[in-house]
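See below for upload.txt, which holds compact mmCIF, C-alpha atoms and all ligand atoms.
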# COMPACT_ATOMS: atom_id res chain seq x y z
CA MET A 1 -11.19 26.31 23.44
CA ASN A 2 -7.91 24.55 24.06
CA ALA A 3 -6.62 21.68 22.02
CA GLU A 4 -7.50 19.11 24.66
CA GLU A 5 -11.19 20.11 24.73
CA TYR A 6 -11.35 20.15 20.96
CA ARG A 7 -10.04 16.60 20.63
CA ARG A 8 -12.84 14.32 19.57
CA PRO A 9 -12.93 10.69 20.59
CA ALA A 10 -11.19 8.59 17.97
CA PRO A 11 -13.75 7.51 15.39
CA ARG A 12 -14.08 3.87 14.57
CA LEU A 13 -12.21 2.60 11.57
CA PRO A 14 -13.99 0.37 9.10
CA ALA A 15 -13.86 -3.19 10.39
CA PRO A 16 -10.66 -4.98 9.37
CA GLN A 17 -11.31 -7.07 6.34
CA ALA A 18 -9.21 -9.96 5.15
CA LYS A 19 -10.77 -9.49 1.73
CA GLU A 20 -8.54 -6.43 1.35
CA TRP A 21 -5.76 -8.84 0.44
CA LEU A 22 -7.88 -9.92 -2.50
CA ALA A 23 -8.78 -6.44 -3.76
CA PHE A 24 -7.70 -7.34 -7.27
CA SER A 25 -8.73 -4.31 -9.24
CA LYS A 26 -5.92 -1.78 -9.18
CA ARG A 27 -2.87 -3.64 -8.00
CA GLY A 28 0.60 -2.65 -9.05
CA VAL A 29 3.41 -5.15 -9.59
CA GLY A 30 4.26 -5.10 -5.88
CA GLY A 31 0.67 -5.75 -4.93
CA TRP A 32 0.49 -8.75 -7.24
CA ALA A 33 3.76 -10.03 -5.86
CA PHE A 34 2.37 -9.78 -2.34
CA LEU A 35 -0.83 -11.58 -3.28
CA LEU A 36 0.98 -14.34 -5.19
CA HIS A 37 3.45 -14.80 -2.36
CA ARG A 38 0.66 -15.14 0.16
CA LEU A 39 -1.35 -17.56 -2.01
CA THR A 40 1.70 -19.71 -2.84
CA GLY A 41 2.67 -19.72 0.86
CA LEU A 42 -0.78 -21.00 1.78
CA VAL A 43 -0.67 -23.64 -0.97
CA LEU A 44 2.69 -24.80 0.40
CA VAL A 45 1.28 -25.14 3.91
CA PHE A 46 -1.59 -27.16 2.46
CA TYR A 47 0.90 -29.29 0.53
CA LEU A 48 2.96 -29.91 3.65
CA PHE A 49 -0.02 -31.65 5.24
CA LEU A 50 -0.88 -33.47 2.03
CA HIS A 51 2.70 -34.65 1.83
CA LEU A 52 2.56 -36.02 5.37
CA ALA A 53 -0.73 -37.74 4.59
CA VAL A 54 0.80 -39.39 1.52
CA LEU A 55 3.90 -40.48 3.40
CA SER A 56 1.74 -41.98 6.10
CA ALA A 57 1.05 -44.76 3.58
CA LEU A 58 4.49 -45.99 4.61
CA ALA A 59 3.11 -46.75 8.03
CA ARG A 60 0.53 -49.01 6.43
CA GLY A 61 3.19 -51.26 4.97
CA PRO A 62 5.18 -51.64 1.71
CA GLN A 63 2.17 -52.69 -0.36
CA ALA A 64 0.13 -49.65 0.55
CA TYR A 65 3.14 -47.49 -0.27
CA GLN A 66 3.69 -49.15 -3.67
CA ALA A 67 0.03 -48.64 -4.53
CA MET A 68 0.37 -45.01 -3.59
CA LEU A 69 3.45 -44.62 -5.79
CA ALA A 70 1.63 -46.18 -8.74
CA PHE A 71 -1.22 -43.73 -8.26
CA MET A 72 1.34 -40.90 -8.20
CA ASP A 73 2.44 -41.77 -11.75
CA SER A 74 -0.89 -40.79 -13.26
CA PRO A 75 -0.65 -37.80 -15.63
CA LEU A 76 -3.03 -35.74 -13.50
CA ILE A 77 -0.80 -36.07 -10.47
CA VAL A 78 2.32 -35.31 -12.48
CA ALA A 79 0.61 -32.18 -13.81
CA LEU A 80 -0.23 -31.17 -10.25
CA GLU A 81 3.39 -31.77 -9.31
CA VAL A 82 4.49 -29.39 -12.03
CA GLY A 83 2.14 -26.85 -10.47
CA LEU A 84 3.73 -27.54 -7.11
CA ILE A 85 7.19 -26.91 -8.55
CA ALA A 86 5.97 -23.61 -9.99
CA THR A 87 4.57 -22.70 -6.58
CA ILE A 88 7.76 -23.56 -4.71
CA ALA A 89 9.98 -21.88 -7.28
CA PHE A 90 8.02 -18.64 -7.24
CA HIS A 91 7.65 -18.54 -3.47
CA ALA A 92 11.33 -19.25 -2.88
CA LEU A 93 12.65 -16.80 -5.48
CA ASN A 94 10.24 -14.03 -4.53
CA GLY A 95 11.03 -14.82 -0.89
CA ILE A 96 14.68 -14.06 -1.63
CA ARG A 97 13.54 -10.80 -3.25
CA LEU A 98 11.58 -9.91 -0.09
CA VAL A 99 14.48 -10.74 2.21
CA LEU A 100 16.80 -8.59 0.09
CA MET A 101 14.31 -5.73 0.22
CA GLY A 102 14.14 -6.06 3.99
CA PHE A 103 17.89 -5.40 4.00
CA GLY A 104 17.31 -2.33 1.84
CA VAL A 105 18.74 -4.05 -1.27
CA GLY A 106 17.08 -3.38 -4.60
CA VAL A 107 14.03 -1.65 -3.16
CA ARG A 108 13.79 0.84 -6.00
CA ALA A 109 14.23 -2.04 -8.44
CA HIS A 110 11.57 -4.19 -6.79
CA LYS A 111 9.44 -4.45 -9.92
CA ALA A 112 12.32 -5.64 -12.08
CA LEU A 113 13.28 -8.09 -9.33
CA PHE A 114 9.72 -9.42 -9.31
CA TRP A 115 9.93 -10.14 -13.02
CA VAL A 116 13.34 -11.78 -12.57
CA ALA A 117 11.84 -14.06 -9.89
CA PHE A 118 8.77 -14.72 -12.04
CA VAL A 119 10.67 -15.55 -15.23
CA LEU A 120 13.24 -17.70 -13.40
CA ALA A 121 10.41 -19.58 -11.69
CA ALA A 122 8.67 -20.11 -15.04
CA GLY A 123 11.94 -21.30 -16.59
CA LEU A 124 12.66 -23.74 -13.78
CA THR A 125 9.12 -25.04 -13.99
CA ALA A 126 9.42 -25.58 -17.74
CA LEU A 127 12.70 -27.49 -17.30
CA ALA A 128 11.17 -29.62 -14.58
CA ALA A 129 8.11 -30.33 -16.72
CA LEU A 130 10.35 -31.45 -19.63
CA ALA A 131 12.23 -33.78 -17.31
CA MET A 132 9.07 -35.22 -15.80
CA PHE A 133 6.89 -35.90 -18.85
CA MET B 1 -14.52 19.86 -25.57
CA ALA B 2 -15.69 16.39 -24.64
CA GLU B 3 -18.58 15.10 -22.57
CA VAL B 4 -17.67 12.74 -19.78
CA THR B 5 -19.90 10.79 -17.40
CA PHE B 6 -19.06 11.06 -13.73
CA LYS B 7 -20.29 8.53 -11.19
CA ILE B 8 -19.86 10.02 -7.77
CA TYR B 9 -20.13 8.18 -4.47
CA ARG B 10 -22.74 9.83 -2.24
CA TYR B 11 -23.23 9.12 1.42
CA LYS B 12 -24.73 11.12 4.28
CA PRO B 13 -25.27 9.29 7.54
CA GLY B 14 -29.02 9.00 8.03
CA ALA B 15 -29.87 10.82 4.78
CA ILE B 16 -28.14 9.11 1.86
CA ASP B 17 -27.75 5.85 3.67
CA PRO B 18 -27.04 3.26 2.25
CA PRO B 19 -24.62 5.02 -0.08
CA ARG B 20 -25.38 5.40 -3.77
CA TYR B 21 -23.69 6.67 -6.93
CA ASP B 22 -25.01 9.82 -8.60
CA THR B 23 -24.36 10.21 -12.30
CA TYR B 24 -23.53 13.50 -13.98
CA ARG B 25 -22.58 14.50 -17.52
CA VAL B 26 -19.98 17.23 -17.66
CA SER B 27 -18.15 18.75 -20.62
CA ILE B 28 -14.46 19.04 -20.03
CA GLU B 29 -11.61 21.07 -21.49
CA PRO B 30 -8.14 19.59 -22.04
CA HIS B 31 -6.97 20.94 -18.68
CA THR B 32 -10.08 20.32 -16.59
CA THR B 33 -9.16 18.50 -13.38
CA VAL B 34 -11.30 16.18 -11.31
CA LEU B 35 -11.43 18.87 -8.63
CA ASP B 36 -12.66 21.42 -11.22
CA VAL B 37 -15.50 19.04 -12.06
CA LEU B 38 -16.47 18.65 -8.40
CA GLU B 39 -16.46 22.43 -7.89
CA HIS B 40 -18.60 22.84 -10.99
CA LEU B 41 -21.11 20.23 -9.80
CA ARG B 42 -21.24 21.81 -6.38
CA LEU B 43 -22.68 24.98 -7.88
CA ASP B 44 -25.82 22.99 -8.68
CA ASP B 45 -25.72 20.74 -5.65
CA PRO B 46 -24.23 22.39 -2.56
CA THR B 47 -24.70 19.17 -0.59
CA LEU B 48 -21.87 17.52 -2.53
CA THR B 49 -18.95 17.40 -0.10
CA TYR B 50 -15.23 16.88 -0.68
CA ARG B 51 -12.05 18.32 0.78
CA HIS B 52 -9.64 20.64 -0.93
CA SER B 53 -7.55 23.66 -0.27
CA CYS B 54 -4.55 24.62 -2.38
CA HIS B 55 -5.57 23.49 -5.89
CA HIS B 56 -1.96 22.72 -6.77
CA GLY B 57 -0.95 19.44 -5.18
CA SER B 58 0.70 20.77 -2.05
CA CYS B 59 -1.84 20.67 0.77
CA GLY B 60 -2.73 17.00 0.46
CA THR B 61 -6.42 17.40 1.31
CA CYS B 62 -8.08 16.38 -1.97
CA GLY B 63 -7.14 12.70 -1.97
CA MET B 64 -9.79 10.41 -3.39
CA LEU B 65 -10.26 7.34 -5.56
CA VAL B 66 -10.61 8.12 -9.25
CA ASN B 67 -11.42 5.04 -11.29
CA GLY B 68 -10.34 3.00 -8.29
CA LYS B 69 -6.91 4.57 -7.91
CA GLU B 70 -5.74 6.94 -5.20
CA VAL B 71 -4.99 10.41 -6.59
CA LEU B 72 -5.02 14.09 -5.69
CA ALA B 73 -8.10 15.39 -7.49
CA CYS B 74 -6.58 18.84 -8.09
CA VAL B 75 -3.71 17.56 -10.20
CA THR B 76 -5.59 14.79 -12.02
CA ARG B 77 -6.71 15.84 -15.46
CA VAL B 78 -9.89 14.20 -16.65
CA ALA B 79 -8.56 14.03 -20.22
CA ASP B 80 -5.53 12.04 -19.02
CA LEU B 81 -7.80 9.33 -17.61
CA LYS B 82 -8.85 8.46 -21.17
CA THR B 83 -12.17 7.00 -20.11
CA ASP B 84 -15.73 8.05 -20.94
CA THR B 85 -16.90 7.24 -17.44
CA VAL B 86 -15.05 8.44 -14.37
CA VAL B 87 -15.89 6.90 -11.00
CA ILE B 88 -15.09 9.06 -7.98
CA GLU B 89 -15.06 7.53 -4.50
CA PRO B 90 -13.71 8.39 -1.06
CA LEU B 91 -10.37 7.04 0.17
CA ARG B 92 -10.37 3.55 1.62
CA HIS B 93 -9.50 2.44 5.14
CA GLN B 94 -10.52 5.70 6.81
CA PRO B 95 -13.87 6.40 8.47
CA LEU B 96 -16.31 7.98 6.06
CA ILE B 97 -17.98 11.23 7.10
CA SER B 98 -19.91 12.34 4.03
CA ASP B 99 -19.67 11.77 0.27
CA LEU B 100 -15.96 12.02 -0.54
CA VAL B 101 -14.86 13.25 2.89
CA VAL B 102 -13.08 10.83 5.22
CA ASP B 103 -12.04 11.47 8.80
CA MET B 104 -8.27 11.95 8.91
CA THR B 105 -8.05 11.73 12.72
CA PRO B 106 -6.84 8.10 12.75
CA PHE B 107 -4.32 8.98 10.08
CA PHE B 108 -2.77 11.75 12.17
CA GLU B 109 -2.96 9.71 15.36
CA LYS B 110 -0.55 7.23 13.77
CA TYR B 111 2.17 9.86 13.95
CA GLU B 112 2.14 9.99 17.74
CA PRO B 113 3.36 6.42 18.33
CA VAL B 114 6.38 7.10 16.13
CA GLY B 115 7.30 10.25 18.03
CA MET B 116 6.84 12.52 15.06
CA PRO B 117 5.17 15.82 15.81
CA TYR B 118 2.77 17.00 13.09
CA ILE B 119 4.80 20.12 12.60
CA ARG B 120 8.55 19.90 12.48
CA GLU B 121 10.92 22.66 13.37
CA SER B 122 12.32 24.19 10.21
CA GLU B 123 15.84 25.46 10.48
CA TYR B 124 18.18 27.41 8.34
CA LEU B 125 21.08 25.15 7.45
CA PRO B 126 24.03 27.27 6.32
CA HIS B 127 25.51 24.46 4.22
CA SER B 128 22.30 23.41 2.58
CA GLN B 129 22.74 25.45 -0.60
CA PRO B 130 22.19 22.87 -3.29
CA PRO B 131 24.98 22.46 -5.81
CA GLU B 132 24.23 22.85 -9.50
CA GLU B 133 23.54 19.17 -10.13
CA VAL B 134 20.61 19.31 -7.72
CA GLY B 135 18.77 16.67 -9.74
CA ALA B 136 20.98 14.02 -8.17
CA TYR B 137 19.24 14.40 -4.81
CA THR B 138 16.06 12.66 -3.79
CA ARG B 139 14.08 14.84 -1.44
CA PHE B 140 12.39 12.95 1.36
CA GLU B 141 10.62 15.60 3.40
CA ASN B 142 7.89 15.56 0.83
CA CYS B 143 4.96 14.02 2.61
CA LEU B 144 1.74 15.99 2.14
CA GLU B 145 -0.11 13.95 4.74
CA CYS B 146 -2.68 13.17 2.09
CA GLY B 147 -3.37 9.61 3.24
CA LEU B 148 -3.31 8.12 -0.26
CA CYS B 149 -0.77 5.54 0.87
CA LEU B 150 -2.98 4.32 3.72
CA SER B 151 -5.84 3.93 1.30
CA ALA B 152 -3.73 1.89 -1.10
CA CYS B 153 -2.05 -0.37 1.46
CA PRO B 154 -3.65 -3.84 1.66
CA VAL B 155 -2.24 -4.32 5.15
CA VAL B 156 -3.83 -1.14 6.53
CA GLY B 157 -7.10 -2.50 5.20
CA SER B 158 -6.85 -5.70 7.16
CA ASP B 159 -5.14 -4.42 10.31
CA PRO B 160 -6.23 -1.02 11.68
CA ASP B 161 -3.52 -1.10 14.35
CA TYR B 162 -0.75 -1.13 11.76
CA LEU B 163 1.17 2.16 11.95
CA GLY B 164 1.02 2.39 8.19
CA PRO B 165 3.25 3.82 5.49
CA ALA B 166 2.96 7.57 6.20
CA ALA B 167 3.85 7.39 9.90
CA LEU B 168 6.64 4.88 9.24
CA ALA B 169 8.01 7.16 6.53
CA ALA B 170 7.96 9.99 9.07
CA ALA B 171 9.83 7.83 11.57
CA ALA B 172 12.40 7.01 8.90
CA ARG B 173 12.88 10.72 8.35
CA VAL B 174 13.68 11.18 12.03
CA VAL B 175 16.33 8.47 11.70
CA GLN B 176 17.78 10.06 8.59
CA GLU B 177 17.71 13.61 9.95
CA PRO B 178 17.02 13.70 13.69
CA ARG B 179 16.96 17.48 14.28
CA GLY B 180 17.32 16.95 17.98
CA GLN B 181 15.01 13.93 18.25
CA ASP B 182 16.20 10.75 19.88
CA VAL B 183 16.86 8.20 17.14
CA PRO B 184 17.10 5.03 19.29
CA THR B 185 13.72 5.85 20.85
CA VAL B 186 12.09 6.29 17.44
CA LEU B 187 13.70 3.09 16.15
CA ALA B 188 12.41 1.22 19.21
CA MET B 189 8.92 2.60 18.51
CA VAL B 190 8.84 1.15 15.01
CA ASP B 191 10.62 -2.11 15.95
CA THR B 192 7.27 -3.70 16.76
CA GLU B 193 4.78 -6.10 15.30
CA GLU B 194 2.48 -3.25 14.28
CA GLY B 195 5.45 -1.16 13.17
CA CYS B 196 7.82 -1.72 10.28
CA TRP B 197 7.58 -5.52 10.56
CA ARG B 198 3.87 -5.59 9.69
CA CYS B 199 4.53 -4.38 6.14
CA HIS B 200 4.52 -7.02 3.40
CA ALA B 201 6.42 -4.93 0.90
CA ALA B 202 3.49 -4.67 -1.50
CA MET B 203 4.76 -1.18 -2.37
CA GLU B 204 1.28 0.04 -3.27
CA CYS B 205 1.97 3.02 -1.02
CA SER B 206 4.97 4.12 -3.06
CA GLU B 207 2.95 3.44 -6.20
CA VAL B 208 0.26 5.99 -5.35
CA CYS B 209 2.28 8.56 -3.38
CA PRO B 210 1.89 11.82 -5.29
CA ASN B 211 5.16 13.25 -4.07
CA ASP B 212 7.63 10.38 -4.37
CA VAL B 213 8.07 10.00 -0.62
CA ASP B 214 8.53 6.27 -1.32
CA PRO B 215 7.12 5.18 2.05
CA GLY B 216 7.60 1.52 1.14
CA GLY B 217 11.28 2.13 0.47
CA LEU B 218 11.58 4.00 3.76
CA ILE B 219 10.01 1.08 5.63
CA MET B 220 12.68 -1.16 4.09
CA PHE B 221 15.25 1.44 5.19
CA LEU B 222 13.94 1.14 8.77
CA ARG B 223 14.25 -2.64 8.59
CA ARG B 224 17.82 -2.37 7.41
CA GLU B 225 18.57 0.07 10.22
CA LEU B 226 17.14 -2.35 12.74
CA LEU B 227 18.81 -5.40 11.23
CA THR B 228 22.26 -3.97 10.66
CA GLY B 229 22.35 -0.96 12.98
CA THR B 230 24.19 1.09 10.41
CA SER B 231 22.57 4.37 11.33
CA ARG B 232 25.31 6.97 11.60
CA SER B 233 23.28 8.80 14.20
CA GLY B 234 22.85 5.91 16.57
CA GLY B 235 20.31 3.13 16.54
CA LYS B 236 22.94 0.45 17.26
CA ARG B 237 21.37 -2.33 19.24
C1 LIG C 1 12.96 -21.39 -0.16
C2 LIG C 1 12.11 -21.33 0.73
C3 LIG C 1 11.28 -20.14 1.18
C4 LIG C 1 11.57 -18.80 1.21
C5 LIG C 1 12.81 -18.07 0.74
C6 LIG C 1 10.40 -18.15 1.79
C7 LIG C 1 10.30 -16.80 2.03
C8 LIG C 1 9.23 -16.18 2.61
C9 LIG C 1 9.16 -14.79 3.01
C10 LIG C 1 10.26 -13.78 2.86
C11 LIG C 1 7.94 -14.57 3.51
C12 LIG C 1 7.39 -13.23 4.05
C13 LIG C 1 6.52 -12.60 3.00
C14 LIG C 1 5.91 -11.28 3.38
O1 LIG C 1 6.48 -10.53 4.18
O2 LIG C 1 4.86 -10.96 2.82
C15 LIG C 1 7.20 -15.82 3.46
C16 LIG C 1 5.90 -15.98 3.86
C17 LIG C 1 5.23 -17.17 3.91
N1 LIG C 1 5.75 -18.42 3.56
FE1 LIG C 1 7.56 -18.77 2.75
N2 LIG C 1 9.44 -19.09 2.07
C18 LIG C 1 9.94 -20.32 1.73
C19 LIG C 1 9.33 -21.55 1.87
C20 LIG C 1 8.07 -21.74 2.37
C21 LIG C 1 7.44 -23.03 2.61
C22 LIG C 1 8.09 -24.38 2.35
C23 LIG C 1 6.18 -22.78 3.09
C24 LIG C 1 5.08 -23.74 3.50
C25 LIG C 1 5.23 -24.79 4.16
C26 LIG C 1 6.00 -21.34 3.17
C27 LIG C 1 4.87 -20.71 3.59
C28 LIG C 1 4.76 -19.35 3.78
C29 LIG C 1 3.57 -18.69 4.26
C30 LIG C 1 2.25 -19.34 4.61
C31 LIG C 1 3.86 -17.33 4.34
C32 LIG C 1 2.94 -16.21 4.81
C33 LIG C 1 2.41 -15.49 3.61
C34 LIG C 1 1.80 -14.15 3.94
O3 LIG C 1 1.67 -13.78 5.12
O4 LIG C 1 1.44 -13.42 3.00
N3 LIG C 1 7.16 -20.74 2.72
N4 LIG C 1 8.00 -16.79 2.89
S1 LIG C 2 3.71 9.28 2.11
FE1 LIG C 2 2.93 10.06 0.15
S2 LIG C 2 0.90 9.11 -0.07
FE2 LIG C 2 1.49 8.90 2.08
S3 LIG C 2 0.58 10.66 3.12
FE3 LIG C 2 2.69 11.24 2.53
S4 LIG C 2 2.49 12.21 0.51
FE4 LIG C 2 0.58 11.11 0.91
S1 LIG C 3 4.92 -1.48 1.21
FE1 LIG C 3 4.08 -1.93 3.24
S2 LIG C 3 3.12 -0.04 3.87
FE2 LIG C 3 3.44 0.10 1.65
S3 LIG C 3 1.51 -0.62 0.75
FE3 LIG C 3 2.88 -2.33 0.95
S4 LIG C 3 2.36 -3.30 2.89
FE4 LIG C 3 1.53 -1.24 2.91
S1 LIG C 4 -6.23 20.73 -3.18
FE1 LIG C 4 -4.28 20.76 -2.17
S2 LIG C 4 -3.39 18.92 -2.88
FE2 LIG C 4 -5.22 18.98 -4.02

Can the structure in the file be given as structure tokens, please?
Amino acid sequence: MNAEEYRRPAPRLPAPQAKEWLAFSKRGVGGWAFLLHRLTGLVLVFYLFLHLAVLSALARGPQAYQAMLAFMDSPLIVALEVGLIATIAFHALNGIRLVLMGFGVGVRAHKALFWVAFVLAAGLTALAALAMF
Amino acid sequence: MAEVTFKIYRYKPGAIDPPRYDTYRVSIEPHTTVLDVLEHLRLDDPTLTYRHSCHHGSCGTCGMLVNGKEVLACVTRVADLKTDTVVIEPLRHQPLISDLVVDMTPFFEKYEPVGMPYIRESEYLPHSQPPEEVGAYTRFENCLECGLCLSACPVVGSDPDYLGPAALAAAARVVQEPRGQDVPTVLAMVDTEEGCWRCHAAMECSEVCPNDVDPGGLIMFLRRELLTGTSRSGGKR
């Protein structure tokens, strides 16, 4: 039997599953970084639309906008804003880590770089929170 | 000697279908490996299927999930797991044939698009005698073709067309050491959406690789080659 005859048709792979991104159980640092980056990226896309929706109050005149600003001062919103800063800070800093890795920089140190990004993001968020409350 | 509970994934198309977990109690010695346990259980139940060959971590056939993590069963000591219950399952992201056996055909087919033959010419290099401080080198031609990296990669799980860490690592090897292969062609093959740009640098592949191939690092090496064209052996674009 020659190799060509022996070749079986390619078997079907398990169906692609987006839930694989969320397979939490045995992630390493890099896996967590990937998941966090993806989740923060999605939150930022969501925020972009929210931001546009909020700004659209401008189109409804100065009074509508002032009312919106007053609402924005409530502690709940400020707390959410701190969360937003954490999200941006982590996504941006880890994004720099990913870009560096793509250029072959610090690949073997990727775990340490993750923690650098994480701690810097936490620090920035804490500073921002102090300034805002 | 300690008693350990093993929960083993069982599946036979048409027979044990849907899959189930069978539970066994086995006493283990300090050096008993997961593969030893499977061989022991197989004496009582010859229908238990798994792959293995060399028993010493060099053939790459005994990859499986032990407590959810990709390992080679033959070099994984049960005592080192430090758990009373050990769950053994087949590798992820490959078609399941029976119990712990997955079909490796898709795995090997990934090598073709990157121009890497399964078997590479080995040559005698007159200047390859390692100097005394050999520890300073990182060996790259280490891949066992075990498929652990594909099982661990979250991107392989969501995109079956992705070339995946093992084949991309093989392509990177061609770039590093062409041995007569055409580097620009191989670089062009991986410079695709389903090639080295699909990776999200989760590095789970390098995490589980039993032989320190560092496929994730090699994917980043390919990106750098493509971005900066610094390959000494060509690859300038
Ligand atoms: C300082 C700014 C930013 C940097 C350095 C940055 C960097 C990156 C990088 C490198 C990736 C690729 C990650 C990967 O390969 O897994 C990425 C993905 C992404 N980014 Fe950003 N980003 C920034 C700002 C933003 C903003 C403002 C948004 C939203 C409007 C955003 C949304 C996303 C989304 C949705 C993804 C895809 C995530 C995924 O596929 O897992 N990013 N970002
Ligand atoms: S790169 Fe490592 S994990 Fe992947 S197939 Fe090769 S030896 Fe196995
Ligand atoms: S580094 Fe790339 S190939 Fe490796 S596990 Fe992560 S996404 Fe997959
Ligand atoms: S039996 Fe060969 S690597 Fe485990």

Select all residues from chain B having any atom no more than 6 Å from an atom of chain A (counting all atoms listed in the file, ignoring ligands), output as a PDB file with C-alpha atoms, in the frame of the given file.
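Once written, iface.pdb looks like this:
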ATOM      1  CA  GLN B  94     -10.520   5.700   6.810  1.00  0.00           C
ATOM      2  CA  PRO B  95     -13.870   6.400   8.470  1.00  0.00           C
ATOM      3  CA  PRO B 154      -3.650  -3.840   1.660  1.00  0.00           C
ATOM      4  CA  GLY B 157      -7.100  -2.500   5.200  1.00  0.00           C
ATOM      5  CA  SER B 158      -6.850  -5.700   7.160  1.00  0.00           C
ATOM      6  CA  ASP B 159      -5.140  -4.420  10.310  1.00  0.00           C
ATOM      7  CA  ALA B 202       3.490  -4.670  -1.500  1.00  0.00           C
ATOM      8  CA  MET B 203       4.760  -1.180  -2.370  1.00  0.00           C
ATOM      9  CA  GLY B 217      11.280   2.130   0.470  1.00  0.00           C
ATOM     10  CA  MET B 220      12.680  -1.160   4.090  1.00  0.00           C
ATOM     11  CA  PHE B 221      15.250   1.440   5.190  1.00  0.00           C
ATOM     12  CA  ARG B 223      14.250  -2.640   8.590  1.00  0.00           C
ATOM     13  CA  ARG B 224      17.820  -2.370   7.410  1.00  0.00           C
TER      14      ARG B 224
END

Report as JSON lines the residues of chain B within 9 Å of ligand LIG 4 (chain C), each with its shortest atom pair and distance in Å (one decimal), using all atoms listed in the file, ordered by chain and increasing residue number.
{"residue": "B:Leu35", "atom": "CA", "partner": "C:LIG4", "partner_atom": "FE2", "distance": 7.7}
{"residue": "B:Arg51", "atom": "CA", "partner": "C:LIG4", "partner_atom": "S1", "distance": 7.4}
{"residue": "B:His52", "atom": "CA", "partner": "C:LIG4", "partner_atom": "S1", "distance": 4.1}
{"residue": "B:Ser53", "atom": "CA", "partner": "C:LIG4", "partner_atom": "S1", "distance": 4.3}
{"residue": "B:Cys54", "atom": "CA", "partner": "C:LIG4", "partner_atom": "FE1", "distance": 3.9}
{"residue": "B:His55", "atom": "CA", "partner": "C:LIG4", "partner_atom": "S1", "distance": 3.9}
{"residue": "B:His56", "atom": "CA", "partner": "C:LIG4", "partner_atom": "FE1", "distance": 5.5}
{"residue": "B:Gly57", "atom": "CA", "partner": "C:LIG4", "partner_atom": "S2", "distance": 3.4}
{"residue": "B:Ser58", "atom": "CA", "partner": "C:LIG4", "partner_atom": "S2", "distance": 4.6}
{"residue": "B:Cys59", "atom": "CA", "partner": "C:LIG4", "partner_atom": "FE1", "distance": 3.8}
{"residue": "B:Gly60", "atom": "CA", "partner": "C:LIG4", "partner_atom": "S2", "distance": 3.9}
{"residue": "B:Thr61", "atom": "CA", "partner": "C:LIG4", "partner_atom": "FE1", "distance": 5.3}
{"residue": "B:Cys62", "atom": "CA", "partner": "C:LIG4", "partner_atom": "FE2", "distance": 4.4}
{"residue": "B:Gly63", "atom": "CA", "partner": "C:LIG4", "partner_atom": "FE2", "distance": 6.9}
{"residue": "B:Val71", "atom": "CA", "partner": "C:LIG4", "partner_atom": "FE2", "distance": 9.0}
{"residue": "B:Leu72", "atom": "CA", "partner": "C:LIG4", "partner_atom": "FE2", "distance": 5.2}
{"residue": "B:Ala73", "atom": "CA", "partner": "C:LIG4", "partner_atom": "FE2", "distance": 5.8}
{"residue": "B:Cys74", "atom": "CA", "partner": "C:LIG4", "partner_atom": "FE2", "distance": 4.3}
{"residue": "B:Val75", "atom": "CA", "partner": "C:LIG4", "partner_atom": "FE2", "distance": 6.5}
{"residue": "B:Leu144", "atom": "CA", "partner": "C:LIG4", "partner_atom": "S2", "distance": 7.8}
{"residue": "B:Cys146", "atom": "CA", "partner": "C:LIG4", "partner_atom": "S2", "distance": 7.6}

statement: Pairwise distance, atom CA of Leu48 of chain B with atom FE1 of ligand LIG 2 (chain C), equals 26.0 Å

Taking all atoms of ligand LIG 3 (chain C) that the file lists and extending 4 Å past them on each side, where is the centre of the axis-aligned box and how long are its edges? Answer in Å to one decimal, as AutoDock Vina command-line options.
--center_x 3.2 --center_y -1.6 --center_z 2.3 --size_x 11.4 --size_y 11.4 --size_z 11.1

task: Could the residues that lie within 9 Å of ligand LIG 1 (chain C), counting all atoms listed in the file, be listed as a VMD selection string?
output: (chain A and resid 21 33 to 49 88 to 89 91 to 100 102) or (chain B and resid 197 to 202)

message: Could you tell me how far atom CA of Ile85 of chain A sits from atom CA of Met68 of chain A, in Å to one decimal place?
response: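 That distance, rounded to one decimal, is 20.0 Å.
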
- prompt: Which residue, B:Asp99, B:Asp22, B:Asp161, B:Asp214, has the smallest gap to ligand LIG 3 (chain C) when you use all atoms listed in the file?
  reply: B:Asp214

field: Spatial neighbours of Leu38 of chain B, 9 Å, all atoms listed in the file, chain gap at least 4 places, as a list in words
entry: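 Those residues are Thr33, Val34, Arg42, Leu43, Leu48, Thr49 and Tyr50 of chain B.
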
message: Taking only C-alpha atoms and all ligand atoms and a cut-off of 6 Å, can you tell me which residues surround ligand LIG 2 (chain C), written as a PyMOL selection string?
response: chain B and resi 143-149+166+209-211+213+215

message: As an exercise, work out the distance from atom S2 of ligand LIG 3 (chain C) to atom CA of Glu204 of chain B in Å and give it to one decimal place.
response: 7.4 Å

message: My list of candidates is B:Glu225, B:Leu96, B:Val156, B:Val183. Which is closest to ligand LIG 3 (chain C) when distances are computed with all atoms listed in the file?
response: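 Closest candidate: B:Val156.
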
Within 10 Å of Leu187 of chain B using only C-alpha atoms, minus same-chain residues under 4 positions, as a VMD selection string: chain B and resid 114 to 115 171 to 172 174 to 175 182 to 183 191 to 192 195 to 196 222 to 223 225 to 226 234 to 237

field: Among the residues B:Leu81, B:Val87, B:Leu218, B:Val66, the one that comes closest to ligand LIG 3 (chain C) [using all atoms listed in the file]
entry: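 Of B:Leu81, B:Val87, B:Leu218, B:Val66, the one nearest ligand LIG 3 (chain C), counting all atoms listed in the file, is B:Leu218.
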